[in-house]
Protein chains: 2
Amino acid sequence: VRLLEDRAQELRERHAIAFRITGIASRRLGWIADPNGIPRSEAISPAGAIPETRNSKHETDVRSWLADARADVLFEATALNVENGQPAVDHIRAALEHGAHAITANKGPVVHAYPELRDLAAARGKRFLFESTVMDGVPIFSLFDQLPAIRLNGFHGILNSTTNVILSEMENGLSFYAALKKAQEIGVAEADATHDIDGWDAAAKTAALITVLMLSSPHDLPVRLDQIDRQGIRGLSAEAVRAAKQEGKPYKLVCRARRVSSSGNSAFLASVRPEQIPLTDPMAHVTGTSSIVSFDTDIFPGLVITEENPGLYATAYGMLADFVRAVTASS
Amino acid sequence: VRLLEDRAQELRERHAIAFRITGIASRRLGWIADPNGIPRSEAISPAGAIPETRNSKHETDVRSWLADARADVLFEATALNVENGQPAVDHIRAALEHGAHAITANKGPVVHAYPELRDLAAARGKRFLFESTVMDGVPIFSLFDQLPAIRLNGFHGILNSTTNVILSEMENGLSFYAALKKAQEIGVAEADATHDIDGWDAAAKTAALITVLMLSSPHDLPVRLDQIDRQGIRGLSAEAVRAAKQEGKPYKLVCRARRVSSSGNSAFLASVRPEQIPLTDPMAHVTGTSSIVSFDTDIFPGLVITEENPGLYATAYGMLADFVRAVTASS
């Protein structure tokens, strides 16, 4: 909401986009809808600031809420559910069926329901967009929209900030738990950082990239999360991390994917695990909250995108950019 | 032509694009046009293979040629003219006025005539595209089409392959002239490499990026090539290059641009010159034919694109991608 407000003038003047917020839903607030617009003070205040007079329906569901809000666009930002992508999949399906564009920062729906949601969006003439799911809001998926008739053979990179911050801080002398605490303090890690530490977040990002960018043929087999050879950083001692750094081959939690069959259908080998990276590899220099991905394509054998020290709005920006894409393409 | 043929099936099946080559023009061949299509054997053979029966008009001009060819798309690939961008500017103007999309790999028209050609294209409902002008065909300009409501404050990078190959080879022990010869042998440097060695090519790329990506307001002052503080690599001895490398601060020919006034109009400080780069900077690791650019935006303070060891088709691919953009957006 803050970024939308901050860019409201530019959206209006350069993209002819005006908007109002007609619905907010969260565990604390319940389902709030007002087609006339919810004032700024309510949209960005904590739960207690919502006046009693506001028609907050705690017992409604996403479909009624979308209808009450007369939503044209849904911003979905629930947390990752690695099992089945819910409830985000239901939220997005409901939005598209309601006739709204669906924008999510949650990898779950991409990993668990991409073909269905993509086809549903196409059938309704709406967009299903998810640029914030990988590398904050850096336009990775949109970049490949600009790479027609290219073949992506594989990729590798560092895509989880929490573990990268923890490894960097361990190199600097902190224990695993002190490093985790620091990652939580700077707002990178959740209170429950299990998904990050055990490699689930990185595996979901890897699966999302494979699913969207590499499964070109309907005959390609879909990628399931449990097919990704996944190992987190829990087994790394601070001593091992510091020794690796001193040796000039620092540990990084590396995501890798590679196409293994190129005749007809494709299959994939994919892994997420700690690797010691030589200093000649750009990944070795990516520390803290920075991230990197290197794409191997038949035209560009090494097309590398690095996001250094993302700012406060980096993830929100991906949703803002998706918003602009959705409403300008369909107008 | 080879890349177009190589991707013809994918263009047809995925993008519903069919094409035929109806005109070829070069200094050696003159102006060849045939609206029924020029056979492959003529399109990619050397000059001597053009049969005498072919109606090759050596005395015609670009406008008659476009009309004779009934061109829908022009691929313009003349060499850089740093003085005024000619004859490429005339070729592109003629194509747009004829009603064809204009695609160029030549920086001259962007540096010398961008506002005019952009507005002319818009007025005719055609596209003026130039993705191949910077970093081969890596979609740098298209990336910023995917970054709405963002502010680019500056950038720096290594954008000239010839000088980067020469510096890398000098580090490996070659003399300046032996290194230049090697760059020419691998097809990176032209027979006359003056534009590369003296920084003109890098300066033109810098000016093109500023012009297209940073001059957002009509009140912004245009950037002229002679406003870029330009110094090539001619003054660097092999000894100095090797000493810098051993010192851990290798020389690179670095392009830099920065917005200096942010209230109302913008002005720019821009330079192209050899700099000693510390190993902590990703630029220090970009050697040979690889290139890199780091963008400083208000959302992403360091968004870095690296092209490692581009393949044979990397520049041609930019024109192919522009072709797809042009004909799919307008259909």
# chains A, B, ... in the order shown; residues from 1 in each chain; ligands from 1

$ residues_around --residues "Gly137 (chain B)" --least-positions-apart "4" --cutoff "10 Å" --atoms "only C-alpha atoms" --output "JSON list (two decimals) with all heavy atoms, in the first residue's frame"
[["chain", "number", "residue", "atom", "x", "y", "z"],
["A", 147, "LEU", "N", 12.59, -12.90, -24.46],
["A", 147, "LEU", "CA", 13.56, -13.79, -25.08],
["A", 147, "LEU", "C", 12.81, -14.84, -25.91],
["A", 147, "LEU", "O", 12.79, -16.02, -25.58],
["A", 147, "LEU", "CB", 14.42, -14.47, -24.00],
["A", 147, "LEU", "CG", 15.39, -13.55, -23.26],
["A", 147, "LEU", "CD1", 15.99, -14.26, -22.04],
["A", 147, "LEU", "CD2", 16.52, -13.09, -24.18],
["A", 299, "ILE", "N", 21.46, -19.33, -26.86],
["A", 299, "ILE", "CA", 22.01, -18.11, -27.46],
["A", 299, "ILE", "C", 23.04, -17.47, -26.53],
["A", 299, "ILE", "O", 24.12, -17.07, -26.96],
["A", 299, "ILE", "CB", 20.88, -17.10, -27.77],
["A", 299, "ILE", "CG1", 19.87, -17.68, -28.76],
["A", 299, "ILE", "CG2", 21.45, -15.77, -28.25],
["A", 299, "ILE", "CD1", 20.34, -17.76, -30.19],
["A", 300, "PHE", "N", 22.69, -17.34, -25.27],
["A", 300, "PHE", "CA", 23.59, -16.77, -24.26],
["A", 300, "PHE", "C", 23.96, -17.88, -23.29],
["A", 300, "PHE", "O", 23.15, -18.26, -22.45],
["A", 300, "PHE", "CB", 22.91, -15.63, -23.51],
["A", 300, "PHE", "CG", 22.33, -14.58, -24.41],
["A", 300, "PHE", "CD1", 20.96, -14.46, -24.57],
["A", 300, "PHE", "CD2", 23.15, -13.72, -25.12],
["A", 300, "PHE", "CE1", 20.41, -13.50, -25.40],
["A", 300, "PHE", "CE2", 22.60, -12.75, -25.96],
["A", 300, "PHE", "CZ", 21.23, -12.63, -26.10],
["B", 105, "ALA", "N", 21.00, -2.63, -35.49],
["B", 105, "ALA", "CA", 22.07, -3.03, -34.58],
["B", 105, "ALA", "C", 23.09, -1.91, -34.47],
["B", 105, "ALA", "O", 24.16, -2.09, -33.91],
["B", 105, "ALA", "CB", 22.73, -4.31, -35.08],
["B", 130, "PHE", "N", 16.06, -1.58, -31.24],
["B", 130, "PHE", "CA", 17.53, -1.52, -31.35],
["B", 130, "PHE", "C", 18.18, -2.31, -30.23],
["B", 130, "PHE", "O", 19.20, -1.91, -29.68],
["B", 130, "PHE", "CB", 17.96, -0.04, -31.29],
["B", 130, "PHE", "CG", 17.16, 0.76, -30.31],
["B", 130, "PHE", "CD1", 17.45, 0.72, -28.95],
["B", 130, "PHE", "CD2", 16.08, 1.53, -30.73],
["B", 130, "PHE", "CE1", 16.68, 1.42, -28.05],
["B", 130, "PHE", "CE2", 15.30, 2.24, -29.82],
["B", 130, "PHE", "CZ", 15.62, 2.19, -28.47],
["B", 131, "GLU", "N", 17.58, -3.49, -29.90],
["B", 131, "GLU", "CA", 18.08, -4.26, -28.76],
["B", 131, "GLU", "C", 19.51, -4.74, -28.96],
["B", 131, "GLU", "O", 20.24, -4.96, -27.99],
["B", 131, "GLU", "CB", 17.12, -5.42, -28.49],
["B", 131, "GLU", "CG", 17.27, -6.06, -27.13],
["B", 131, "GLU", "CD", 17.08, -5.07, -25.98],
["B", 131, "GLU", "OE1", 18.09, -4.47, -25.60],
["B", 131, "GLU", "OE2", 15.96, -4.94, -25.47],
["B", 132, "SER", "N", 19.94, -4.90, -30.21],
["B", 132, "SER", "CA", 21.29, -5.41, -30.47],
["B", 132, "SER", "C", 22.38, -4.36, -30.29],
["B", 132, "SER", "O", 23.57, -4.70, -30.41],
["B", 132, "SER", "CB", 21.39, -5.94, -31.90],
["B", 132, "SER", "OG", 20.69, -7.15, -32.02],
["B", 133, "THR", "N", 22.01, -3.12, -29.99],
["B", 133, "THR", "CA", 23.04, -2.08, -29.96],
["B", 133, "THR", "C", 23.91, -2.13, -28.72],
["B", 133, "THR", "O", 25.04, -1.64, -28.74],
["B", 133, "THR", "CB", 22.42, -0.68, -30.06],
["B", 133, "THR", "OG1", 21.48, -0.53, -28.99],
["B", 133, "THR", "CG2", 21.72, -0.49, -31.40],
["B", 141, "PHE", "N", 17.22, -2.98, -23.10],
["B", 141, "PHE", "CA", 16.15, -1.97, -23.25],
["B", 141, "PHE", "C", 14.79, -2.58, -22.91],
["B", 141, "PHE", "O", 13.97, -1.96, -22.25],
["B", 141, "PHE", "CB", 16.17, -1.40, -24.67],
["B", 141, "PHE", "CG", 17.43, -0.65, -25.00],
["B", 141, "PHE", "CD1", 18.40, -1.21, -25.83],
["B", 141, "PHE", "CD2", 17.67, 0.62, -24.46],
["B", 141, "PHE", "CE1", 19.57, -0.51, -26.12],
["B", 141, "PHE", "CE2", 18.84, 1.31, -24.75],
["B", 141, "PHE", "CZ", 19.79, 0.73, -25.59],
["B", 307, "GLU", "N", 26.79, -10.80, -19.25],
["B", 307, "GLU", "CA", 26.73, -11.71, -20.40],
["B", 307, "GLU", "C", 28.09, -12.39, -20.49],
["B", 307, "GLU", "O", 29.08, -11.77, -20.84],
["B", 307, "GLU", "CB", 26.45, -10.90, -21.67],
["B", 307, "GLU", "CG", 26.34, -11.75, -22.92],
["B", 307, "GLU", "CD", 26.33, -10.91, -24.20],
["B", 307, "GLU", "OE1", 26.76, -9.74, -24.16],
["B", 307, "GLU", "OE2", 25.91, -11.44, -25.24],
["B", 310, "PRO", "N", 29.49, -14.65, -24.92],
["B", 310, "PRO", "CA", 28.36, -14.73, -25.83],
["B", 310, "PRO", "C", 28.64, -15.66, -27.00],
["B", 310, "PRO", "O", 29.76, -15.76, -27.49],
["B", 310, "PRO", "CB", 28.19, -13.29, -26.32],
["B", 310, "PRO", "CG", 29.49, -12.63, -26.05],
["B", 310, "PRO", "CD", 30.04, -13.30, -24.83],
["B", 313, "TYR", "N", 25.58, -16.30, -32.22],
["B", 313, "TYR", "CA", 24.36, -15.66, -32.67],
["B", 313, "TYR", "C", 23.89, -14.55, -31.73],
["B", 313, "TYR", "O", 22.78, -14.04, -31.90],
["B", 313, "TYR", "CB", 23.24, -16.70, -32.78],
["B", 313, "TYR", "CG", 23.32, -17.59, -33.99],
["B", 313, "TYR", "CD1", 23.07, -18.96, -33.89],
["B", 313, "TYR", "CD2", 23.63, -17.07, -35.25],
["B", 313, "TYR", "CE1", 23.13, -19.78, -35.01],
["B", 313, "TYR", "CE2", 23.69, -17.90, -36.36],
["B", 313, "TYR", "CZ", 23.44, -19.25, -36.24],
["B", 313, "TYR", "OH", 23.49, -20.05, -37.34],
["B", 314, "ALA", "N", 24.70, -14.16, -30.75],
["B", 314, "ALA", "CA", 24.20, -13.27, -29.69],
["B", 314, "ALA", "C", 23.71, -11.93, -30.24],
["B", 314, "ALA", "O", 22.68, -11.42, -29.80],
["B", 314, "ALA", "CB", 25.28, -13.06, -28.63],
["B", 315, "THR", "N", 24.43, -11.35, -31.20],
["B", 315, "THR", "CA", 24.00, -10.06, -31.74],
["B", 315, "THR", "C", 22.83, -10.23, -32.70],
["B", 315, "THR", "O", 21.83, -9.50, -32.62],
["B", 315, "THR", "CB", 25.16, -9.34, -32.45],
["B", 315, "THR", "OG1", 26.21, -9.14, -31.50],
["B", 315, "THR", "CG2", 24.73, -8.00, -33.00],
["B", 316, "ALA", "N", 22.94, -11.23, -33.58],
["B", 316, "ALA", "CA", 21.83, -11.49, -34.50],
["B", 316, "ALA", "C", 20.55, -11.77, -33.72],
["B", 316, "ALA", "O", 19.45, -11.37, -34.13],
["B", 316, "ALA", "CB", 22.17, -12.67, -35.41],
["B", 317, "TYR", "N", 20.68, -12.45, -32.58],
["B", 317, "TYR", "CA", 19.50, -12.79, -31.79],
["B", 317, "TYR", "C", 18.73, -11.54, -31.35],
["B", 317, "TYR", "O", 17.50, -11.54, -31.31],
["B", 317, "TYR", "CB", 19.87, -13.62, -30.55],
["B", 317, "TYR", "CG", 18.65, -13.89, -29.71],
["B", 317, "TYR", "CD1", 17.73, -14.87, -30.07],
["B", 317, "TYR", "CD2", 18.37, -13.11, -28.60],
["B", 317, "TYR", "CE1", 16.59, -15.08, -29.33],
["B", 317, "TYR", "CE2", 17.22, -13.31, -27.85],
["B", 317, "TYR", "CZ", 16.34, -14.30, -28.23],
["B", 317, "TYR", "OH", 15.19, -14.49, -27.51],
["B", 318, "GLY", "N", 19.45, -10.47, -31.02],
["B", 318, "GLY", "CA", 18.76, -9.24, -30.63],
["B", 318, "GLY", "C", 17.86, -8.73, -31.74],
["B", 318, "GLY", "O", 16.76, -8.23, -31.49],
["B", 319, "MET", "N", 18.31, -8.86, -32.99],
["B", 319, "MET", "CA", 17.48, -8.42, -34.11],
["B", 319, "MET", "C", 16.31, -9.38, -34.32],
["B", 319, "MET", "O", 15.21, -8.96, -34.66],
["B", 319, "MET", "CB", 18.33, -8.31, -35.39],
["B", 319, "MET", "CG", 19.49, -7.32, -35.23],
["B", 319, "MET", "SD", 20.40, -6.99, -36.79],
["B", 319, "MET", "CE", 19.47, -5.60, -37.43],
["B", 320, "LEU", "N", 16.55, -10.67, -34.10],
["B", 320, "LEU", "CA", 15.46, -11.64, -34.21],
["B", 320, "LEU", "C", 14.39, -11.34, -33.16],
["B", 320, "LEU", "O", 13.18, -11.35, -33.45],
["B", 320, "LEU", "CB", 16.01, -13.06, -34.03],
["B", 320, "LEU", "CG", 14.95, -14.17, -34.04],
["B", 320, "LEU", "CD1", 14.53, -14.48, -35.46],
["B", 320, "LEU", "CD2", 15.46, -15.42, -33.36],
["B", 321, "ALA", "N", 14.83, -11.10, -31.93],
["B", 321, "ALA", "CA", 13.87, -10.82, -30.84],
["B", 321, "ALA", "C", 13.11, -9.52, -31.13],
["B", 321, "ALA", "O", 11.90, -9.44, -30.90],
["B", 321, "ALA", "CB", 14.60, -10.74, -29.50],
["B", 322, "ASP", "N", 13.80, -8.52, -31.67],
["B", 322, "ASP", "CA", 13.12, -7.27, -32.06],
["B", 322, "ASP", "C", 12.07, -7.55, -33.14],
["B", 322, "ASP", "O", 10.98, -6.97, -33.14],
["B", 322, "ASP", "CB", 14.14, -6.25, -32.59],
["B", 322, "ASP", "CG", 14.85, -5.49, -31.48],
["B", 322, "ASP", "OD1", 14.37, -5.52, -30.32],
["B", 322, "ASP", "OD2", 15.88, -4.85, -31.78]]

$ closest_atom_pairs --of "chain A" --to "chain B" --cutoff "9 Å" --atoms "only C-alpha atoms" --output "Markdown table"
| residue | atom | partner | partner_atom | distance |
| --- | --- | --- | --- | --- |
| A:Arg7 | CA | B:Ala149 | CA | 6.7 |
| A:Glu10 | CA | B:Ala149 | CA | 6.2 |
| A:Leu11 | CA | B:Ala149 | CA | 6.7 |
| A:Arg14 | CA | B:Ala149 | CA | 8.0 |
| A:His15 | CA | B:Pro148 | CA | 8.5 |
| A:Gly137 | CA | B:Phe300 | CA | 8.8 |
| A:Val138 | CA | B:Phe300 | CA | 8.0 |
| A:Pro139 | CA | B:Gln146 | CA | 6.6 |
| A:Ser142 | CA | B:Gln146 | CA | 6.6 |
| A:Leu143 | CA | B:Leu143 | CA | 6.1 |
| A:Gln146 | CA | B:Ser142 | CA | 6.6 |
| A:Leu147 | CA | B:Ala321 | CA | 6.5 |
| A:Pro148 | CA | B:Ala321 | CA | 6.0 |
| A:Ala149 | CA | B:Glu10 | CA | 6.2 |
| A:Ile150 | CA | B:Arg7 | CA | 8.8 |
| A:Thr280 | CA | B:His285 | CA | 7.5 |
| A:Asp281 | CA | B:His285 | CA | 8.8 |
| A:Pro282 | CA | B:Pro282 | CA | 7.3 |
| A:His285 | CA | B:Thr280 | CA | 7.5 |
| A:Ser294 | CA | B:Thr306 | CA | 8.8 |
| A:Asp298 | CA | B:Gly311 | CA | 8.1 |
| A:Ile299 | CA | B:Ala314 | CA | 5.8 |
| A:Phe300 | CA | B:Pro310 | CA | 5.4 |
| A:Pro301 | CA | B:Pro310 | CA | 6.5 |
| A:Gly302 | CA | B:Glu308 | CA | 4.7 |
| A:Leu303 | CA | B:Glu307 | CA | 5.0 |
| A:Val304 | CA | B:Thr306 | CA | 4.9 |
| A:Ile305 | CA | B:Ile305 | CA | 4.9 |
| A:Thr306 | CA | B:Val304 | CA | 4.9 |
| A:Glu307 | CA | B:Leu303 | CA | 4.9 |
| A:Glu308 | CA | B:Gly302 | CA | 4.7 |
| A:Asn309 | CA | B:Pro301 | CA | 6.9 |
| A:Pro310 | CA | B:Phe300 | CA | 5.4 |
| A:Gly311 | CA | B:Ile299 | CA | 5.9 |
| A:Leu312 | CA | B:Ile299 | CA | 7.8 |
| A:Tyr313 | CA | B:Ile299 | CA | 6.2 |
| A:Ala314 | CA | B:Ile299 | CA | 5.8 |
| A:Tyr317 | CA | B:Ile299 | CA | 7.3 |
| A:Gly318 | CA | B:Leu147 | CA | 8.9 |
| A:Leu320 | CA | B:Pro148 | CA | 8.4 |
| A:Ala321 | CA | B:Pro148 | CA | 6.0 |
| A:Asp322 | CA | B:Gln146 | CA | 8.9 |
| A:Val324 | CA | B:Pro148 | CA | 7.1 |
| A:Arg325 | CA | B:Gln146 | CA | 8.0 |

$ closest_residue --among "B:Glu83, B:Glu171, B:Thr163, B:Ser41" --to "Glu190 (chain B)" --atoms "only C-alpha atoms"
B:Thr163

$ closest_residue --among "B:Ala243, B:Ala71, B:Ile277, B:Ala208" --to "Ala95 (chain B)" --atoms "only C-alpha atoms"
B:Ala71

$ residues_around --residues "Asp61 (chain A)" --least-positions-apart "2" --cutoff "12 Å" --atoms "only C-alpha atoms" --output "JSON, numbers by chain"
{"A": [25, 26, 30, 31, 32, 33, 56, 57, 58, 59, 63, 64, 65, 66, 67, 68, 87, 90, 91, 94, 95]}

$ write_last_selection --atoms "N, CA, C and O atoms" --output "PDB file, in the first residue's frame"
ATOM      1  N   ALA A  25      -7.827  -8.348   3.398  1.00  0.00           N
ATOM      2  CA  ALA A  25      -8.127  -9.551   4.174  1.00  0.00           C
ATOM      3  C   ALA A  25      -6.855 -10.056   4.820  1.00  0.00           C
ATOM      4  O   ALA A  25      -5.800 -10.094   4.184  1.00  0.00           O
ATOM      5  N   SER A  26      -6.957 -10.386   6.071  1.00  0.00           N
ATOM      6  CA  SER A  26      -5.824 -10.994   6.753  1.00  0.00           C
ATOM      7  C   SER A  26      -6.358 -11.775   7.941  1.00  0.00           C
ATOM      8  O   SER A  26      -7.533 -11.659   8.295  1.00  0.00           O
ATOM      9  N   GLY A  30      -9.687 -10.131   9.356  1.00  0.00           N
ATOM     10  CA  GLY A  30     -10.851 -10.730   8.715  1.00  0.00           C
ATOM     11  C   GLY A  30     -10.977 -10.226   7.289  1.00  0.00           C
ATOM     12  O   GLY A  30      -9.985  -9.810   6.680  1.00  0.00           O
ATOM     13  N   TRP A  31     -12.187 -10.249   6.751  1.00  0.00           N
ATOM     14  CA  TRP A  31     -12.432  -9.885   5.351  1.00  0.00           C
ATOM     15  C   TRP A  31     -13.112  -8.521   5.308  1.00  0.00           C
ATOM     16  O   TRP A  31     -14.288  -8.404   5.623  1.00  0.00           O
ATOM     17  N   ILE A  32     -12.402  -7.502   4.923  1.00  0.00           N
ATOM     18  CA  ILE A  32     -12.942  -6.148   4.866  1.00  0.00           C
ATOM     19  C   ILE A  32     -13.163  -5.779   3.406  1.00  0.00           C
ATOM     20  O   ILE A  32     -12.273  -5.957   2.573  1.00  0.00           O
ATOM     21  N   ALA A  33     -14.347  -5.264   3.102  1.00  0.00           N
ATOM     22  CA  ALA A  33     -14.633  -4.871   1.719  1.00  0.00           C
ATOM     23  C   ALA A  33     -15.444  -3.588   1.714  1.00  0.00           C
ATOM     24  O   ALA A  33     -16.330  -3.389   2.553  1.00  0.00           O
ATOM     25  N   SER A  56     -16.527  -5.431   8.858  1.00  0.00           N
ATOM     26  CA  SER A  56     -15.526  -6.478   8.751  1.00  0.00           C
ATOM     27  C   SER A  56     -16.172  -7.824   9.030  1.00  0.00           C
ATOM     28  O   SER A  56     -16.599  -8.104  10.136  1.00  0.00           O
ATOM     29  N   LYS A  57     -16.258  -8.645   7.986  1.00  0.00           N
ATOM     30  CA  LYS A  57     -16.958  -9.918   8.120  1.00  0.00           C
ATOM     31  C   LYS A  57     -15.954 -11.027   8.403  1.00  0.00           C
ATOM     32  O   LYS A  57     -15.197 -11.412   7.520  1.00  0.00           O
ATOM     33  N   HIS A  58     -15.985 -11.516   9.586  1.00  0.00           N
ATOM     34  CA  HIS A  58     -15.018 -12.559   9.928  1.00  0.00           C
ATOM     35  C   HIS A  58     -15.442 -13.925   9.438  1.00  0.00           C
ATOM     36  O   HIS A  58     -14.661 -14.852   9.435  1.00  0.00           O
ATOM     37  N   GLU A  59     -16.703 -14.034   9.048  1.00  0.00           N
ATOM     38  CA  GLU A  59     -17.203 -15.365   8.697  1.00  0.00           C
ATOM     39  C   GLU A  59     -17.381 -15.549   7.193  1.00  0.00           C
ATOM     40  O   GLU A  59     -17.904 -16.554   6.757  1.00  0.00           O
ATOM     41  N   ARG A  63     -14.669 -15.664  -2.057  1.00  0.00           N
ATOM     42  CA  ARG A  63     -15.539 -15.322  -3.190  1.00  0.00           C
ATOM     43  C   ARG A  63     -16.502 -14.187  -2.861  1.00  0.00           C
ATOM     44  O   ARG A  63     -16.675 -13.250  -3.643  1.00  0.00           O
ATOM     45  N   SER A  64     -17.119 -14.260  -1.670  1.00  0.00           N
ATOM     46  CA  SER A  64     -18.015 -13.174  -1.264  1.00  0.00           C
ATOM     47  C   SER A  64     -17.235 -11.869  -1.114  1.00  0.00           C
ATOM     48  O   SER A  64     -17.703 -10.794  -1.488  1.00  0.00           O
ATOM     49  N   TRP A  65     -16.059 -12.005  -0.554  1.00  0.00           N
ATOM     50  CA  TRP A  65     -15.221 -10.829  -0.330  1.00  0.00           C
ATOM     51  C   TRP A  65     -14.836 -10.158  -1.653  1.00  0.00           C
ATOM     52  O   TRP A  65     -14.948  -8.934  -1.805  1.00  0.00           O
ATOM     53  N   LEU A  66     -14.419 -10.950  -2.651  1.00  0.00           N
ATOM     54  CA  LEU A  66     -14.086 -10.395  -3.968  1.00  0.00           C
ATOM     55  C   LEU A  66     -15.310  -9.706  -4.578  1.00  0.00           C
ATOM     56  O   LEU A  66     -15.200  -8.626  -5.175  1.00  0.00           O
ATOM     57  N   ALA A  67     -16.475 -10.333  -4.414  1.00  0.00           N
ATOM     58  CA  ALA A  67     -17.702  -9.746  -4.962  1.00  0.00           C
ATOM     59  C   ALA A  67     -18.046  -8.454  -4.222  1.00  0.00           C
ATOM     60  O   ALA A  67     -18.349  -7.433  -4.855  1.00  0.00           O
ATOM     61  N   ASP A  68     -17.982  -8.479  -2.884  1.00  0.00           N
ATOM     62  CA  ASP A  68     -18.296  -7.278  -2.101  1.00  0.00           C
ATOM     63  C   ASP A  68     -17.343  -6.127  -2.450  1.00  0.00           C
ATOM     64  O   ASP A  68     -17.734  -4.966  -2.477  1.00  0.00           O
ATOM     65  N   PRO A  87      -3.792 -21.721   1.247  1.00  0.00           N
ATOM     66  CA  PRO A  87      -5.028 -21.403   0.524  1.00  0.00           C
ATOM     67  C   PRO A  87      -4.815 -20.512  -0.701  1.00  0.00           C
ATOM     68  O   PRO A  87      -5.777 -20.085  -1.330  1.00  0.00           O
ATOM     69  N   ASP A  90      -6.579 -21.468  -3.954  1.00  0.00           N
ATOM     70  CA  ASP A  90      -8.019 -21.160  -3.947  1.00  0.00           C
ATOM     71  C   ASP A  90      -8.273 -19.667  -4.136  1.00  0.00           C
ATOM     72  O   ASP A  90      -9.201 -19.268  -4.840  1.00  0.00           O
ATOM     73  N   HIS A  91      -7.460 -18.840  -3.487  1.00  0.00           N
ATOM     74  CA  HIS A  91      -7.632 -17.385  -3.614  1.00  0.00           C
ATOM     75  C   HIS A  91      -7.490 -16.946  -5.067  1.00  0.00           C
ATOM     76  O   HIS A  91      -8.265 -16.151  -5.583  1.00  0.00           O
ATOM     77  N   ALA A  94     -10.296 -18.261  -7.292  1.00  0.00           N
ATOM     78  CA  ALA A  94     -11.511 -17.476  -7.048  1.00  0.00           C
ATOM     79  C   ALA A  94     -11.429 -16.105  -7.733  1.00  0.00           C
ATOM     80  O   ALA A  94     -12.398 -15.632  -8.331  1.00  0.00           O
ATOM     81  N   ALA A  95     -10.259 -15.464  -7.652  1.00  0.00           N
ATOM     82  CA  ALA A  95     -10.102 -14.144  -8.263  1.00  0.00           C
ATOM     83  C   ALA A  95     -10.286 -14.222  -9.774  1.00  0.00           C
ATOM     84  O   ALA A  95     -11.012 -13.411 -10.376  1.00  0.00           O
TER      85      ALA A  95
END

$ select_by_dssp --residues "region 29-270 of chain A" --states "strand (DSSP E or B)" --output "MDAnalysis selection string"
chainID A and resid 30:33 56:57 73:76 101:104 128:129 152:158 229:230 251:259 268:270

$ select_by_dssp --residues "region 166-298 of chain B" --states "helix (DSSP H, G or I)" --output "PyMOL selection string"
chain B and resi 166-171+176-185+194-197+200-214+225-227+238-246+282-285

$ atom_distance --atom1 "CA of Ser271 (chain B)" --atom2 "CA of Cys255 (chain B)"
5.8 Å

$ residues_around --residues "Arg224 (chain A)" --least-positions-apart "4" --cutoff "10 Å" --atoms "only C-alpha atoms" --output "PyMOL selection string"
chain A and resi 111-112+203-204+207-208+211+228

$ atom_distance --atom1 "CA of Pro274 (chain A)" --atom2 "CA of Gly232 (chain A)"
6.9 Å
